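Source file final.cif; content: mmCIF, C-alpha atoms and all ligand atoms.
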data_run
loop_
_atom_site.group_PDB
_atom_site.id
_atom_site.type_symbol
_atom_site.label_atom_id
_atom_site.label_comp_id
_atom_site.auth_asym_id
_atom_site.auth_seq_id
_atom_site.Cartn_x
_atom_site.Cartn_y
_atom_site.Cartn_z
ATOM 1 C CA MET A 247 110.021 109.671 109.124
ATOM 2 C CA ILE A 248 106.451 109.895 110.306
ATOM 3 C CA VAL A 249 106.798 107.218 112.992
ATOM 4 C CA ASP A 250 110.129 107.127 114.772
ATOM 5 C CA GLY A 251 110.456 104.891 117.819
ATOM 6 C CA LYS A 252 113.457 103.696 119.790
ATOM 7 C CA SER A 253 113.805 101.084 122.515
ATOM 8 C CA ILE A 254 110.075 100.863 123.176
ATOM 9 C CA SER A 255 109.200 98.421 125.950
ATOM 10 C CA TYR A 256 105.808 97.969 127.523
ATOM 11 C CA SER A 257 104.252 95.946 130.303
ATOM 12 C CA TYR A 258 100.508 96.043 131.034
ATOM 13 C CA ASP A 259 101.111 95.571 134.760
ATOM 14 C CA TYR A 260 104.201 97.789 134.940
ATOM 15 C CA SER A 261 106.280 94.833 136.076
ATOM 16 C CA GLU A 262 109.838 94.487 134.860
ATOM 17 C CA THR A 263 109.288 90.766 134.245
ATOM 18 C CA SER A 264 106.297 90.783 131.915
ATOM 19 C CA PHE A 265 107.163 92.961 128.968
ATOM 20 C CA VAL A 266 104.856 92.448 125.986
ATOM 21 C CA LEU A 267 106.929 94.871 123.893
ATOM 22 C CA LYS A 268 110.655 94.365 124.230
ATOM 23 C CA ASN A 269 113.062 97.043 123.110
ATOM 24 C CA ILE A 270 111.393 97.834 119.817
ATOM 25 C CA ASP A 271 112.939 100.173 117.266
ATOM 26 C CA ILE A 272 110.534 101.189 114.536
ATOM 27 C CA SER A 273 110.563 103.648 111.670
ATOM 28 C CA ILE A 274 107.854 104.337 109.143
ATOM 29 C CA GLU A 275 108.258 106.737 106.232
ATOM 30 C CA LYS A 276 105.577 109.296 105.440
ATOM 31 C CA GLY A 277 103.253 108.088 102.698
ATOM 32 C CA ASP A 278 104.256 104.430 103.009
ATOM 33 C CA PHE A 279 101.888 101.482 103.161
ATOM 34 C CA VAL A 280 103.186 99.333 105.978
ATOM 35 C CA THR A 281 101.823 95.941 106.989
ATOM 36 C CA ILE A 282 102.440 94.480 110.427
ATOM 37 C CA LEU A 283 102.319 90.686 110.608
ATOM 38 C CA GLY A 284 102.678 88.392 113.591
ATOM 39 C CA CYS A 285 100.748 85.695 115.385
ATOM 40 C CA ASN A 286 98.200 86.213 118.185
ATOM 41 C CA GLY A 287 99.701 87.913 121.202
ATOM 42 C CA SER A 288 102.902 88.995 119.450
ATOM 43 C CA GLY A 289 102.271 92.628 120.445
ATOM 44 C CA LYS A 290 100.979 94.217 117.222
ATOM 45 C CA SER A 291 97.975 95.999 118.744
ATOM 46 C CA THR A 292 99.946 97.011 121.816
ATOM 47 C CA LEU A 293 102.580 98.593 119.592
ATOM 48 C CA VAL A 294 100.238 100.591 117.358
ATOM 49 C CA LYS A 295 98.141 101.788 120.294
ATOM 50 C CA HIS A 296 101.226 103.790 121.264
ATOM 51 C CA PHE A 297 101.160 105.656 117.962
ATOM 52 C CA ASN A 298 98.051 107.669 118.798
ATOM 53 C CA GLY A 299 98.463 107.697 122.545
ATOM 54 C CA LEU A 300 95.861 105.039 123.376
ATOM 55 C CA LEU A 301 98.602 103.489 125.478
ATOM 56 C CA ALA A 302 101.109 105.651 127.306
ATOM 57 C CA LEU A 303 104.771 105.123 126.523
ATOM 58 C CA GLN A 304 106.582 103.522 129.473
ATOM 59 C CA HIS A 305 110.108 102.972 128.154
ATOM 60 C CA GLY A 306 111.894 104.379 125.132
ATOM 61 C CA GLU A 307 111.142 107.198 122.763
ATOM 62 C CA LEU A 308 108.426 107.686 120.181
ATOM 63 C CA ASN A 309 107.678 110.550 117.843
ATOM 64 C CA VAL A 310 104.670 110.412 115.537
ATOM 65 C CA ALA A 311 104.318 113.165 112.951
ATOM 66 C CA GLN A 312 107.020 115.029 114.890
ATOM 67 C CA ILE A 313 104.927 114.894 118.058
ATOM 68 C CA ASP A 314 106.540 113.376 121.132
ATOM 69 C CA VAL A 315 103.779 111.004 122.307
ATOM 70 C CA ARG A 316 104.732 111.711 125.925
ATOM 71 C CA ASN A 317 103.473 115.290 125.652
ATOM 72 C CA GLU A 318 99.992 115.026 127.103
ATOM 73 C CA LYS A 319 99.038 118.451 125.855
ATOM 74 C CA ASP A 320 99.482 117.200 122.284
ATOM 75 C CA LEU A 321 97.355 114.087 122.805
ATOM 76 C CA TRP A 322 94.236 115.326 120.989
ATOM 77 C CA ARG A 323 96.251 116.734 118.125
ATOM 78 C CA LEU A 324 98.028 113.370 117.877
ATOM 79 C CA ARG A 325 94.721 111.458 117.801
ATOM 80 C CA ARG A 326 93.478 113.622 114.988
ATOM 81 C CA ILE A 327 96.641 113.138 112.932
ATOM 82 C CA CYS A 328 96.752 109.408 113.596
ATOM 83 C CA GLY A 329 93.369 107.698 113.203
ATOM 84 C CA MET A 330 92.647 104.087 114.019
ATOM 85 C CA VAL A 331 90.105 101.530 112.804
ATOM 86 C CA PHE A 332 89.614 98.329 114.766
ATOM 87 C CA GLN A 333 88.485 94.798 114.075
ATOM 88 C CA ASN A 334 84.981 95.145 115.468
ATOM 89 C CA PRO A 335 83.164 98.237 114.186
ATOM 90 C CA ASP A 336 80.390 97.858 116.784
ATOM 91 C CA ASN A 337 82.802 99.008 119.480
ATOM 92 C CA GLN A 338 83.655 102.145 117.548
ATOM 93 C CA PHE A 339 80.257 103.787 117.226
ATOM 94 C CA VAL A 340 79.268 106.533 119.642
ATOM 95 C CA SER A 341 75.889 107.256 118.067
ATOM 96 C CA SER A 342 73.237 104.973 116.594
ATOM 97 C CA ILE A 343 72.727 107.058 113.424
ATOM 98 C CA VAL A 344 75.381 107.081 110.718
ATOM 99 C CA ASP A 345 75.761 110.840 110.150
ATOM 100 C CA GLU A 346 75.520 111.644 113.872
ATOM 101 C CA ASP A 347 78.267 109.169 114.587
ATOM 102 C CA ILE A 348 80.586 110.819 112.083
ATOM 103 C CA SER A 349 79.755 114.382 113.140
ATOM 104 C CA PHE A 350 80.408 113.509 116.787
ATOM 105 C CA GLY A 351 84.164 113.315 116.179
ATOM 106 C CA LEU A 352 84.120 116.589 114.271
ATOM 107 C CA GLU A 353 82.173 118.343 117.032
ATOM 108 C CA ASN A 354 84.717 117.043 119.529
ATOM 109 C CA TYR A 355 87.417 118.781 117.544
ATOM 110 C CA GLU A 356 85.330 121.950 117.457
ATOM 111 C CA VAL A 357 85.012 121.957 113.699
ATOM 112 C CA PRO A 358 82.702 124.906 112.867
ATOM 113 C CA ARG A 359 79.043 123.815 112.614
ATOM 114 C CA ASN A 360 78.641 124.961 109.017
ATOM 115 C CA GLU A 361 81.550 122.756 107.887
ATOM 116 C CA ILE A 362 80.397 119.567 109.577
ATOM 117 C CA GLN A 363 77.734 118.529 107.067
ATOM 118 C CA GLY A 364 80.149 118.842 104.147
ATOM 119 C CA LYS A 365 82.866 116.858 105.899
ATOM 120 C CA VAL A 366 80.422 114.083 106.840
ATOM 121 C CA SER A 367 79.268 113.914 103.221
ATOM 122 C CA SER A 368 82.727 113.707 101.711
ATOM 123 C CA ALA A 369 83.853 111.117 104.277
ATOM 124 C CA LEU A 370 80.869 108.904 103.392
ATOM 125 C CA GLU A 371 81.636 109.405 99.731
ATOM 126 C CA LEU A 372 85.238 108.270 100.240
ATOM 127 C CA VAL A 373 83.981 104.934 101.582
ATOM 128 C CA ASP A 374 81.154 104.574 99.044
ATOM 129 C CA MET A 375 78.437 105.003 101.676
ATOM 130 C CA LYS A 376 76.620 108.071 100.361
ATOM 131 C CA GLY A 377 72.894 107.785 100.946
ATOM 132 C CA TYR A 378 73.297 105.955 104.271
ATOM 133 C CA GLU A 379 73.357 109.190 106.366
ATOM 134 C CA LYS A 380 70.165 108.486 108.283
ATOM 135 C CA ARG A 381 70.558 104.729 108.640
ATOM 136 C CA LYS A 382 70.791 103.165 112.086
ATOM 137 C CA THR A 383 74.293 101.761 112.500
ATOM 138 C CA ASN A 384 72.899 98.495 113.875
ATOM 139 C CA THR A 385 71.040 97.841 110.606
ATOM 140 C CA LEU A 386 74.222 97.864 108.515
ATOM 141 C CA SER A 387 76.155 94.803 107.375
ATOM 142 C CA GLY A 388 79.606 94.145 108.849
ATOM 143 C CA GLY A 389 81.365 95.567 105.801
ATOM 144 C CA GLN A 390 79.152 98.654 105.784
ATOM 145 C CA LYS A 391 79.728 99.202 109.509
ATOM 146 C CA GLN A 392 83.458 98.964 108.983
ATOM 147 C CA ARG A 393 83.269 101.557 106.211
ATOM 148 C CA VAL A 394 81.179 103.928 108.360
ATOM 149 C CA ALA A 395 83.695 103.544 111.195
ATOM 150 C CA LEU A 396 86.403 104.383 108.692
ATOM 151 C CA ALA A 397 84.432 107.418 107.488
ATOM 152 C CA GLY A 398 84.396 108.639 111.104
ATOM 153 C CA VAL A 399 88.181 108.511 111.084
ATOM 154 C CA LEU A 400 88.542 110.003 107.591
ATOM 155 C CA ALA A 401 86.263 112.960 108.395
ATOM 156 C CA LEU A 402 89.058 114.251 110.619
ATOM 157 C CA ASP A 403 91.499 114.064 107.694
ATOM 158 C CA PRO A 404 94.278 112.173 109.499
ATOM 159 C CA ASP A 405 97.747 111.838 107.941
ATOM 160 C CA ILE A 406 98.189 108.328 109.315
ATOM 161 C CA ILE A 407 95.501 105.666 109.367
ATOM 162 C CA ILE A 408 95.999 102.480 111.337
ATOM 163 C CA PHE A 409 93.849 99.470 110.461
ATOM 164 C CA ASP A 410 94.046 96.967 113.310
ATOM 165 C CA GLU A 411 92.707 93.811 111.667
ATOM 166 C CA ALA A 412 89.954 95.926 110.181
ATOM 167 C CA THR A 413 89.254 93.262 107.563
ATOM 168 C CA ALA A 414 89.229 90.270 109.917
ATOM 169 C CA MET A 415 85.466 89.998 110.308
ATOM 170 C CA LEU A 416 84.607 90.652 106.679
ATOM 171 C CA ASP A 417 83.861 88.213 103.877
ATOM 172 C CA PRO A 418 86.195 88.228 100.856
ATOM 173 C CA SER A 419 84.243 90.946 99.039
ATOM 174 C CA GLY A 420 83.878 93.112 102.161
ATOM 175 C CA ARG A 421 87.579 92.664 102.780
ATOM 176 C CA GLN A 422 88.380 93.630 99.214
ATOM 177 C CA GLU A 423 86.283 96.794 99.577
ATOM 178 C CA VAL A 424 88.249 97.904 102.631
ATOM 179 C CA ILE A 425 91.544 96.996 100.912
ATOM 180 C CA ASN A 426 90.528 99.092 97.901
ATOM 181 C CA ILE A 427 89.821 102.053 100.178
ATOM 182 C CA MET A 428 93.228 101.586 101.855
ATOM 183 C CA ASP A 429 94.871 101.640 98.414
ATOM 184 C CA ARG A 430 92.964 104.748 97.433
ATOM 185 C CA LEU A 431 93.999 106.530 100.639
ATOM 186 C CA HIS A 432 97.584 105.432 100.139
ATOM 187 C CA ARG A 433 97.576 106.843 96.610
ATOM 188 C CA ALA A 434 96.163 110.093 98.023
ATOM 189 C CA GLY A 435 99.323 110.377 100.133
ATOM 190 C CA LYS A 436 98.179 108.991 103.481
ATOM 191 C CA THR A 437 100.456 106.807 105.548
ATOM 192 C CA ILE A 438 98.720 103.460 106.020
ATOM 193 C CA ILE A 439 99.601 101.004 108.764
ATOM 194 C CA ALA A 440 97.688 97.749 108.401
ATOM 195 C CA ILE A 441 97.778 94.891 110.875
ATOM 196 C CA THR A 442 96.554 91.677 109.343
ATOM 197 C CA HIS A 443 96.687 87.905 109.579
ATOM 198 C CA TYR A 444 96.226 87.573 105.834
ATOM 199 C CA VAL A 445 99.724 87.473 104.376
ATOM 200 C CA GLU A 446 98.247 88.107 100.923
ATOM 201 C CA GLU A 447 97.319 91.600 102.160
ATOM 202 C CA ALA A 448 101.005 92.332 102.768
ATOM 203 C CA VAL A 449 102.149 91.568 99.235
ATOM 204 C CA ALA A 450 101.651 95.092 97.872
ATOM 205 C CA ALA A 451 103.005 96.918 100.941
ATOM 206 C CA ASP A 452 106.020 99.234 100.819
ATOM 207 C CA LYS A 453 107.286 97.597 103.975
ATOM 208 C CA VAL A 454 106.409 94.537 106.042
ATOM 209 C CA ILE A 455 107.128 94.409 109.756
ATOM 210 C CA LEU A 456 107.180 90.921 111.231
ATOM 211 C CA MET A 457 106.563 90.698 114.965
ATOM 212 C CA ASP A 458 107.186 87.791 117.309
ATOM 213 C CA LYS A 459 106.879 87.654 121.106
ATOM 214 C CA GLY A 460 107.006 91.397 121.635
ATOM 215 C CA ARG A 461 109.891 91.961 119.257
ATOM 216 C CA ILE A 462 110.331 92.970 115.655
ATOM 217 C CA LEU A 463 111.765 89.804 114.187
ATOM 218 C CA SER A 464 112.446 91.413 110.833
ATOM 219 C CA SER A 465 111.274 94.174 108.523
ATOM 220 C CA GLY A 466 111.758 94.911 104.857
ATOM 221 C CA LYS A 467 110.234 94.678 101.398
ATOM 222 C CA PRO A 468 107.429 92.093 101.017
ATOM 223 C CA LYS A 469 109.671 89.977 98.788
ATOM 224 C CA GLU A 470 112.395 89.788 101.443
ATOM 225 C CA ILE A 471 110.049 88.857 104.266
ATOM 226 C CA LEU A 472 107.219 86.879 102.688
ATOM 227 C CA THR A 473 109.403 84.512 100.672
ATOM 228 C CA ASN A 474 111.590 83.692 103.667
ATOM 229 C CA THR A 475 109.953 80.478 104.873
ATOM 230 C CA LYS A 476 112.296 80.044 107.829
ATOM 231 C CA LEU A 477 111.689 83.572 109.108
ATOM 232 C CA MET A 478 107.942 83.389 108.606
ATOM 233 C CA ASN A 479 107.759 80.011 110.349
ATOM 234 C CA GLU A 480 109.742 81.402 113.247
ATOM 235 C CA ALA A 481 107.050 84.055 113.618
ATOM 236 C CA GLY A 482 104.337 81.402 113.428
ATOM 237 C CA MET A 483 103.159 82.637 110.041
ATOM 238 C CA MET A 484 102.465 80.768 106.823
ATOM 239 C CA VAL A 485 104.095 82.094 103.677
ATOM 240 C CA PRO A 486 101.728 83.034 100.805
ATOM 241 C CA MET A 487 100.408 80.134 98.751
ATOM 242 C CA THR A 488 102.470 81.151 95.711
ATOM 243 C CA VAL A 489 105.632 80.772 97.800
ATOM 244 C CA ARG A 490 104.544 77.330 99.020
ATOM 245 C CA ILE A 491 103.923 76.284 95.415
ATOM 246 C CA TYR A 492 107.355 77.617 94.432
ATOM 247 C CA TYR A 493 109.043 75.390 97.023
ATOM 248 C CA ASP A 494 106.805 72.384 96.254
ATOM 249 C CA LEU A 495 107.754 72.661 92.586
ATOM 250 C CA LEU A 496 111.413 72.956 93.544
ATOM 251 C CA GLU A 497 111.126 69.735 95.527
ATOM 252 C CA ALA A 498 109.581 68.080 92.490
ATOM 253 C CA GLY A 499 112.567 69.180 90.436
ATOM 254 C CA ILE A 500 111.010 72.218 88.731
ATOM 255 C CA ARG A 501 112.812 75.484 89.303
ATOM 256 C CA LEU A 502 110.991 78.755 88.621
ATOM 257 C CA SER A 503 113.329 81.659 87.901
ATOM 258 C CA ASN A 504 111.717 83.808 90.629
ATOM 259 C CA CYS A 505 109.778 83.105 93.774
ATOM 260 C CA PRO A 506 106.349 84.604 92.984
ATOM 261 C CA LEU A 507 104.260 86.604 95.443
ATOM 262 C CA THR A 508 101.060 87.034 93.463
ATOM 263 C CA ASP A 509 98.920 84.692 91.370
ATOM 264 C CA GLU A 510 99.858 86.712 88.292
ATOM 265 C CA GLU A 511 103.576 86.328 89.000
ATOM 266 C CA LEU A 512 103.101 82.599 89.527
ATOM 267 C CA VAL A 513 101.308 82.180 86.206
ATOM 268 C CA GLU A 514 104.002 84.238 84.482
ATOM 269 C CA GLU A 515 106.763 82.061 85.933
ATOM 270 C CA ILE A 516 104.978 78.850 84.928
ATOM 271 C CA CYS A 517 104.391 80.165 81.397
ATOM 272 C CA GLN A 518 108.124 80.781 81.096
ATOM 273 C CA LEU A 519 108.715 77.066 81.570
ATOM 274 C CA ARG A 520 107.098 76.257 78.254
HETATM 275 N N1 LIG A 601 94.623 95.023 128.303
HETATM 276 C C1 LIG A 601 95.561 94.091 128.504
HETATM 277 N N2 LIG A 601 95.925 93.734 129.761
HETATM 278 C C2 LIG A 601 96.891 92.809 129.981
HETATM 279 N N3 LIG A 601 97.538 92.161 129.004
HETATM 280 C C3 LIG A 601 97.213 92.459 127.753
HETATM 281 C C4 LIG A 601 96.210 93.429 127.423
HETATM 282 N N4 LIG A 601 96.103 93.507 126.091
HETATM 283 C C5 LIG A 601 97.007 92.620 125.601
HETATM 284 N N5 LIG A 601 97.660 91.992 126.576
HETATM 285 C C6 LIG A 601 98.743 90.983 126.401
HETATM 286 O O1 LIG A 601 99.785 91.578 125.671
HETATM 287 C C7 LIG A 601 100.334 90.654 124.737
HETATM 288 C C8 LIG A 601 100.277 91.293 123.346
HETATM 289 O O2 LIG A 601 98.916 91.471 122.992
HETATM 290 P P1 LIG A 601 98.449 92.230 121.685
HETATM 291 O O3 LIG A 601 96.991 92.417 121.783
HETATM 292 O O4 LIG A 601 99.291 93.426 121.497
HETATM 293 O O5 LIG A 601 98.811 91.151 120.572
HETATM 294 P P2 LIG A 601 98.423 91.114 119.045
HETATM 295 O O6 LIG A 601 99.679 90.828 118.309
HETATM 296 O O7 LIG A 601 97.654 92.323 118.676
HETATM 297 O O8 LIG A 601 97.507 89.808 118.986
HETATM 298 P P3 LIG A 601 96.203 89.486 118.103
HETATM 299 O O9 LIG A 601 96.722 89.025 116.781
HETATM 300 O O10 LIG A 601 95.565 88.376 118.846
HETATM 301 O O11 LIG A 601 95.365 90.723 118.026
HETATM 302 C C9 LIG A 601 99.522 89.380 124.869
HETATM 303 O O12 LIG A 601 100.249 88.491 125.654
HETATM 304 C C10 LIG A 601 98.264 89.815 125.588
HETATM 305 O O13 LIG A 601 97.763 88.788 126.390
HETATM 306 MG MG MG A 602 95.712 92.661 117.967
#

Hey, can you dump this file as structure tokens for me?
Ligand SMILES: Nc1ncnc2c1ncn2[C@@H]1O[C@H](COP(=O)(O)OP(=O)(O)OP(=O)(O)O)[C@@H](O)[C@H]1O
Ligand SMILES: [Mg+2]
Amino acid sequence: MIVDGKSISYSYDYSETSFVLKNIDISIEKGDFVTILGCNGSGKSTLVKHFNGLLALQHGELNVAQIDVRNEKDLWRLRRICGMVFQNPDNQFVSSIVDEDISFGLENYEVPRNEIQGKVSSALELVDMKGYEKRKTNTLSGGQKQRVALAGVLALDPDIIIFDEATAMLDPSGRQEVINIMDRLHRAGKTIIAITHYVEEAVAADKVILMDKGRILSSGKPKEILTNTKLMNEAGMMVPMTVRIYYDLLEAGIRLSNCPLTDEELVEEICQLR
């Protein structure tokens, strides 16, 4: 297990009456693609900010990549192993020039000078942003900014990459680009933790974690979670469109043999009716 948490509770004002995380147990396997779903304020960001020590653990236990997050001396090592990309890339830049921004993180980790250029280059290549080294970050499009921010994280070669609604501000093609990069990283063996409001982005995950009011309401395979209308409604989430169509058809007297999660599965099921 690369993330192993037990009885995690958290309150921003340290009061015993306002917990925003309530007794959370969480486990994530190394190399998995995990999607965290839940409505606004359910505690998703608060939870993942514990994984790389952005928030200090108050109650419970949490080990990430075998590091006890309470050990302050391991904090920098933890941050390097567990990188995080946020919703708004503008808040993630420390320098106004693309390559300087990426090298800043490497310099912080005292990567030898002669290795920095190469690492910056390969990180930009991973996100398809080669050739943008000298561009001012404020002249990039939203999708490009998000990819540069991701390159800054990737340059440090983390084992775990957390995307906290990293696709929220992007148009469908920008979103698809980031999703493709997530898939590529996943295939390369990285553990990916993606928070999203787009249920369609959870369909291909190894595991879906559904949060509600500071708790994990349920977790399991996408099929188990995303086709469970009652559970999803309880969490304030809409099931994927294919699932809605499945139930609409059922109401109209047409029963598909399986509840589909993707457009392709839906088409396949409908074709079988012929
Ligand atoms: N810095 C903070 N100070 C005080 N309360 C906070 C802070 N950040 C979040 N909260 C509260 O903690 C609760 C959980 O917030 P969190 O940001 O973790 O939710 P979320 O699931 O990430 O929501 P969203 O989908 O809107 O990003 C909310 O009630 C929120 O108001
Ligand atoms: Mg959030």

Could you tell me, as an mmCIF file with C-alpha atoms, in the frame of the given file, exactly which residues end up selected when the PyMOL selection byres (((chain A and resi 382) around 9) and not hetatm) is applied to this structure?
data_model
loop_
_atom_site.group_PDB
_atom_site.id
_atom_site.type_symbol
_atom_site.label_atom_id
_atom_site.label_comp_id
_atom_site.auth_asym_id
_atom_site.auth_seq_id
_atom_site.Cartn_x
_atom_site.Cartn_y
_atom_site.Cartn_z
ATOM 1 C CA SER A 341 75.889 107.256 118.067
ATOM 2 C CA SER A 342 73.237 104.973 116.594
ATOM 3 C CA ILE A 343 72.727 107.058 113.424
ATOM 4 C CA VAL A 344 75.381 107.081 110.718
ATOM 5 C CA TYR A 378 73.297 105.955 104.271
ATOM 6 C CA GLU A 379 73.357 109.190 106.366
ATOM 7 C CA LYS A 380 70.165 108.486 108.283
ATOM 8 C CA ARG A 381 70.558 104.729 108.640
ATOM 9 C CA THR A 383 74.293 101.761 112.500
ATOM 10 C CA ASN A 384 72.899 98.495 113.875
ATOM 11 C CA THR A 385 71.040 97.841 110.606
ATOM 12 C CA LEU A 386 74.222 97.864 108.515
#

List all protein, DNA and RNA residues that have an atom no more than 10 Å from any atom of ligand LIG 601 (chain A), counting only C-alpha atoms and all ligand atoms, and report them as a PyMOL selection string. chain A and resi 256-259+264-267+282-295+301+333+410-411+441-443+457-460

Expected file: the selected residues, C-alpha atoms, as a CSV table (one decimal), in the frame of the given file:
chain,number,residue,atom,x,y,z
A,256,TYR,CA,105.8,98.0,127.5
A,257,SER,CA,104.3,95.9,130.3
A,258,TYR,CA,100.5,96.0,131.0
A,259,ASP,CA,101.1,95.6,134.8
A,264,SER,CA,106.3,90.8,131.9
A,265,PHE,CA,107.2,93.0,129.0
A,266,VAL,CA,104.9,92.4,126.0
A,267,LEU,CA,106.9,94.9,123.9
A,282,ILE,CA,102.4,94.5,110.4
A,283,LEU,CA,102.3,90.7,110.6
A,284,GLY,CA,102.7,88.4,113.6
A,285,CYS,CA,100.7,85.7,115.4
A,286,ASN,CA,98.2,86.2,118.2
A,287,GLY,CA,99.7,87.9,121.2
A,288,SER,CA,102.9,89.0,119.4
A,289,GLY,CA,102.3,92.6,120.4
A,290,LYS,CA,101.0,94.2,117.2
A,291,SER,CA,98.0,96.0,118.7
A,292,THR,CA,99.9,97.0,121.8
A,293,LEU,CA,102.6,98.6,119.6
A,294,VAL,CA,100.2,100.6,117.4
A,295,LYS,CA,98.1,101.8,120.3
A,301,LEU,CA,98.6,103.5,125.5
A,333,GLN,CA,88.5,94.8,114.1
A,410,ASP,CA,94.0,97.0,113.3
A,411,GLU,CA,92.7,93.8,111.7
A,441,ILE,CA,97.8,94.9,110.9
A,442,THR,CA,96.6,91.7,109.3
A,443,HIS,CA,96.7,87.9,109.6
A,457,MET,CA,106.6,90.7,115.0
A,458,ASP,CA,107.2,87.8,117.3
A,459,LYS,CA,106.9,87.7,121.1
A,460,GLY,CA,107.0,91.4,121.6

Of the candidates A:Glu361, A:Arg326, A:Ala412, A:Ser273, which shows the shortest atom-to-atom distance to ligand MG 602 (chain A), using all atoms listed in the file?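 Nearest candidate to ligand MG 602 (chain A) out of A:Glu361, A:Arg326, A:Ala412, A:Ser273: A:Ala412.
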
With the file shown as input, list the residues that the PyMOL selection byres (((chain A and resi 402-404) around 9) and not hetatm) selects, as a list of chain:residue names.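 Residues picked by the PyMOL selection byres (((chain A and resi 402-404) around 9) and not hetatm): A:Arg325, A:Arg326, A:Ile327, A:Cys328, A:Gly329, A:Gly351, A:Leu352, A:Tyr355, A:Lys365, A:Ala369, A:Ala397, A:Gly398, A:Val399, A:Leu400, A:Ala401, A:Asp405, A:Ile406, A:Ile407, A:Lys436.
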
Let's have the selection written as an mmCIF file, in the frame of the given file, with C-alpha atoms.
data_model
loop_
_atom_site.group_PDB
_atom_site.id
_atom_site.type_symbol
_atom_site.label_atom_id
_atom_site.label_comp_id
_atom_site.auth_asym_id
_atom_site.auth_seq_id
_atom_site.Cartn_x
_atom_site.Cartn_y
_atom_site.Cartn_z
ATOM 1 C CA ARG A 325 94.721 111.458 117.801
ATOM 2 C CA ARG A 326 93.478 113.622 114.988
ATOM 3 C CA ILE A 327 96.641 113.138 112.932
ATOM 4 C CA CYS A 328 96.752 109.408 113.596
ATOM 5 C CA GLY A 329 93.369 107.698 113.203
ATOM 6 C CA GLY A 351 84.164 113.315 116.179
ATOM 7 C CA LEU A 352 84.120 116.589 114.271
ATOM 8 C CA TYR A 355 87.417 118.781 117.544
ATOM 9 C CA LYS A 365 82.866 116.858 105.899
ATOM 10 C CA ALA A 369 83.853 111.117 104.277
ATOM 11 C CA ALA A 397 84.432 107.418 107.488
ATOM 12 C CA GLY A 398 84.396 108.639 111.104
ATOM 13 C CA VAL A 399 88.181 108.511 111.084
ATOM 14 C CA LEU A 400 88.542 110.003 107.591
ATOM 15 C CA ALA A 401 86.263 112.960 108.395
ATOM 16 C CA ASP A 405 97.747 111.838 107.941
ATOM 17 C CA ILE A 406 98.189 108.328 109.315
ATOM 18 C CA ILE A 407 95.501 105.666 109.367
ATOM 19 C CA LYS A 436 98.179 108.991 103.481
#

Go through the shown structure with the PyMOL selection byres (((chain A and resi 478-490) around 10) and not hetatm) and write out the matching residues as a ChimeraX atom specification. /A:283-286,288,443-449,456-459,462-464,471-477,491-496,504-513

Quick one, how far is atom CA of A:Asn269 from atom CA of A:Ser255?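 One can read the atom CA of A:Asn269 to atom CA of A:Ser255 distance as 5.0 Å.
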
Using only C-alpha atoms for the distances, tell me which of A:Leu416, A:Val331, A:Ala434, A:Val280 is nearest to A:Val454.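 Of A:Leu416, A:Val331, A:Ala434, A:Val280, the one nearest A:Val454 is A:Val280, counting only C-alpha atoms.
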
Find the residue from A:Gly388, A:Pro335, A:Gly251, A:Gly277 that sits nearest to A:His296; use only C-alpha atoms when measuring.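 Once distances to A:His296 are computed over only C-alpha atoms, the minimum belongs to A:Gly251.
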
My list of candidates is A:Leu519, A:Ile270, A:Phe332, A:Ser503. Which is closest to ligand MG 602 (chain A) when distances are computed with all atoms listed in the file?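 Ranked by minimum distance to ligand MG 602 (chain A), first place goes to A:Phe332.
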